[in-house]
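Chemist: Handing you this structure, nothing more for now.
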Amino acid sequence: MKGYRIYIFLAFMLLSGLGKSAAQTDGLLDRLYGRFASSCIDLEYTYATRMSGVRIEGSGRLHVQDDMWHNVGNGIEIWCDGSTVWTVDPLSEEVIIEPVSGDDSEGLLNPALLFVRMNEHFNVSRTLGGSDGKTVIYVLEPKENMDIEYFNVELMASDASIRSGLMAMEDGNEVKISVASMKAVEKKPATFFRPSQTFGNSWIVTDLR
């Protein structure tokens, strides 16, 4: 389950103007950040990477709001209410409960923080026009030391939604993310980002709080 959580992190990190001015392309990022700030974002995604010669694929659905998030994918469900993270494997009846780290470097493993605060962790190196003329690709470079060499995020020019992402890791591996849908929905109560179920005697509960 720990390995799966690493790929969840990678999947969530989604995220020459060809006639577009710098102000126009910067405006797309501002619109994206504005949606993150004012809404709950509902994302359906797939990802693929190759580690040690083995191709790994996955998919999921993410709701992210401020520093809270909920993700379902590949049989694993993860909640975070901003202070606590629950990682649940229903098939094996195993749950890990842990606090959100206050350390900046460890905090990068929080996919919600990277996703909605992309501007805090990356600088825009340059912009490119998408091959179909309908998107803008932002080439992002990390501001601090991390395992990512660069991160390309492709936004739809029409509504600033995320279409895809490509992360180049320092070890030479790549992670490709495709976003099937992205919707801004009404903000949800904090209880949405906590598990409603109880974990009975048959469950293996690892509580690290």
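In the structure tokens, chains take letters A, B, ... by order of appearance, with residues numbered from 1 within each chain and ligands from 1 in the order shown.
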Check the DSSP output for the backbone and give back, as a list in words, the residues of region 44-164 of chain A in alpha helix (DSSP H).

Modeler: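 Matching residues for alpha helix (DSSP H) in region 44-164 of chain A are Asp104, Ser105, Glu106, Gly107, Pro111, Ala112, Leu113, Leu114, Phe115, Val116, Met118, Asn119, Glu120 and His121 of chain A.
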
Chemist: Output the selection as a PDB file, in the first residue's frame - N, CA and C atoms for each residue.

Modeler:
ATOM      1  N   ASP A 104       8.277  21.214   5.700  1.00  0.00           N
ATOM      2  CA  ASP A 104       8.065  21.640   4.320  1.00  0.00           C
ATOM      3  C   ASP A 104       8.445  20.568   3.323  1.00  0.00           C
ATOM      4  N   SER A 105       9.590  19.894   3.548  1.00  0.00           N
ATOM      5  CA  SER A 105      10.032  18.891   2.580  1.00  0.00           C
ATOM      6  C   SER A 105       9.099  17.693   2.578  1.00  0.00           C
ATOM      7  N   GLU A 106       8.666  17.250   3.762  1.00  0.00           N
ATOM      8  CA  GLU A 106       7.727  16.142   3.810  1.00  0.00           C
ATOM      9  C   GLU A 106       6.359  16.564   3.298  1.00  0.00           C
ATOM     10  N   GLY A 107       6.043  17.851   3.473  1.00  0.00           N
ATOM     11  CA  GLY A 107       4.751  18.339   3.011  1.00  0.00           C
ATOM     12  C   GLY A 107       4.582  18.235   1.507  1.00  0.00           C
ATOM     13  N   PRO A 111      -0.310  15.459  -1.935  1.00  0.00           N
ATOM     14  CA  PRO A 111      -0.658  15.809  -3.320  1.00  0.00           C
ATOM     15  C   PRO A 111      -1.543  17.033  -3.411  1.00  0.00           C
ATOM     16  N   ALA A 112      -2.416  17.231  -2.418  1.00  0.00           N
ATOM     17  CA  ALA A 112      -3.296  18.393  -2.460  1.00  0.00           C
ATOM     18  C   ALA A 112      -2.500  19.684  -2.396  1.00  0.00           C
ATOM     19  N   LEU A 113      -1.494  19.732  -1.517  1.00  0.00           N
ATOM     20  CA  LEU A 113      -0.697  20.940  -1.387  1.00  0.00           C
ATOM     21  C   LEU A 113       0.054  21.244  -2.674  1.00  0.00           C
ATOM     22  N   LEU A 114       0.644  20.211  -3.300  1.00  0.00           N
ATOM     23  CA  LEU A 114       1.357  20.436  -4.548  1.00  0.00           C
ATOM     24  C   LEU A 114       0.404  20.859  -5.661  1.00  0.00           C
ATOM     25  N   PHE A 115      -0.773  20.259  -5.675  1.00  0.00           N
ATOM     26  CA  PHE A 115      -1.702  20.517  -6.763  1.00  0.00           C
ATOM     27  C   PHE A 115      -2.259  21.933  -6.700  1.00  0.00           C
ATOM     28  N   VAL A 116      -2.747  22.348  -5.532  1.00  0.00           N
ATOM     29  CA  VAL A 116      -3.377  23.659  -5.449  1.00  0.00           C
ATOM     30  C   VAL A 116      -2.386  24.770  -5.167  1.00  0.00           C
ATOM     31  N   MET A 118       0.754  24.874  -6.655  1.00  0.00           N
ATOM     32  CA  MET A 118       1.795  24.633  -7.637  1.00  0.00           C
ATOM     33  C   MET A 118       2.694  25.853  -7.804  1.00  0.00           C
ATOM     34  N   ASN A 119       2.078  27.046  -7.704  1.00  0.00           N
ATOM     35  CA  ASN A 119       2.859  28.272  -7.867  1.00  0.00           C
ATOM     36  C   ASN A 119       3.830  28.499  -6.719  1.00  0.00           C
ATOM     37  N   GLU A 120       3.594  27.870  -5.564  1.00  0.00           N
ATOM     38  CA  GLU A 120       4.506  28.026  -4.436  1.00  0.00           C
ATOM     39  C   GLU A 120       5.752  27.155  -4.584  1.00  0.00           C
ATOM     40  N   HIS A 121       5.632  26.040  -5.308  1.00  0.00           N
ATOM     41  CA  HIS A 121       6.730  25.081  -5.394  1.00  0.00           C
ATOM     42  C   HIS A 121       7.442  25.077  -6.742  1.00  0.00           C
TER      43      HIS A 121
END

Chemist: Contacts of Val95 (chain A) at 7 Å or less, counting only C-alpha atoms, minus same-chain residues fewer than 5 places along, as a PyMOL selection string?

Modeler: chain A and resi 86-89+204-206

Chemist: Selected residues, C-alpha atoms, written as a PDB file, in the first residue's frame, please.

Modeler:
ATOM      1  CA  TRP A  86      -6.426   8.086   6.472  1.00  0.00           C
ATOM      2  CA  THR A  87      -5.145   5.553   3.897  1.00  0.00           C
ATOM      3  CA  VAL A  88      -7.616   2.689   3.598  1.00  0.00           C
ATOM      4  CA  ASP A  89      -7.316  -0.659   1.803  1.00  0.00           C
ATOM      5  CA  ILE A 204      -5.502  -3.791  10.998  1.00  0.00           C
ATOM      6  CA  VAL A 205      -5.319  -0.217  12.248  1.00  0.00           C
ATOM      7  CA  THR A 206      -1.964   1.555  12.354  1.00  0.00           C
TER       8      THR A 206
END

Chemist: Between A:Val64, A:Ile97, A:Ile177, A:Ile78, which one has atoms that come closest to Ala48 (chain A), using only C-alpha atoms?

Modeler: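 The answer is A:Ile177, which sits nearest to Ala48 (chain A).
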
Chemist: If I take CA of Gly133 (chain A) and CA of Glu149 (chain A), how far is one from the other in Å, to one decimal?

Modeler: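 Rounded to one decimal, the two atoms are 26.2 Å apart.
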
Chemist: Here is a test: counting only C-alpha atoms, which residue of A:Tyr138, A:Ala160, A:Val153, A:Ser178 is nearest to Leu43 (chain A)?

Modeler: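 So, comparing all the options, the nearest one is A:Ser178.
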
Chemist: Taking only C-alpha atoms into account, which of A:Ile162, A:Arg50, A:Ile76, A:Asn71 comes nearest Leu91 (chain A)?

Modeler: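 Closest residue, counting only C-alpha atoms: A:Ile76.
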
Chemist: I want to know what sits within 6 Å of Ala184 (chain A), based on only C-alpha atoms, with residues of the same chain fewer than 3 positions away left out; could you give that as number ranges by chain?

Modeler: A: 39-41

Chemist: Output the selection as a PDB file, in the first residue's frame - all heavy atoms for each residue.

Modeler:
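Wrote it out as part-v2.pdb, contents follow:
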ATOM      1  N   SER A  39     -13.383  26.894  -5.039  1.00  0.00           N
ATOM      2  CA  SER A  39     -14.232  25.728  -5.289  1.00  0.00           C
ATOM      3  C   SER A  39     -13.613  24.457  -4.736  1.00  0.00           C
ATOM      4  O   SER A  39     -12.454  24.437  -4.304  1.00  0.00           O
ATOM      5  CB  SER A  39     -14.441  25.546  -6.809  1.00  0.00           C
ATOM      6  OG  SER A  39     -14.870  26.732  -7.425  1.00  0.00           O
ATOM      7  N   CYS A  40     -14.388  23.405  -4.771  1.00  0.00           N
ATOM      8  CA  CYS A  40     -13.869  22.051  -4.624  1.00  0.00           C
ATOM      9  C   CYS A  40     -13.656  21.520  -6.038  1.00  0.00           C
ATOM     10  O   CYS A  40     -14.553  21.603  -6.881  1.00  0.00           O
ATOM     11  CB  CYS A  40     -14.860  21.174  -3.866  1.00  0.00           C
ATOM     12  SG  CYS A  40     -14.358  19.436  -3.723  1.00  0.00           S
ATOM     13  N   ILE A  41     -12.465  21.009  -6.310  1.00  0.00           N
ATOM     14  CA  ILE A  41     -12.143  20.534  -7.652  1.00  0.00           C
ATOM     15  C   ILE A  41     -12.332  19.015  -7.714  1.00  0.00           C
ATOM     16  O   ILE A  41     -11.816  18.277  -6.873  1.00  0.00           O
ATOM     17  CB  ILE A  41     -10.703  20.897  -8.040  1.00  0.00           C
ATOM     18  CG1 ILE A  41     -10.503  22.424  -8.013  1.00  0.00           C
ATOM     19  CG2 ILE A  41     -10.356  20.347  -9.421  1.00  0.00           C
ATOM     20  CD1 ILE A  41     -11.382  23.191  -8.979  1.00  0.00           C
TER      21      ILE A  41
END
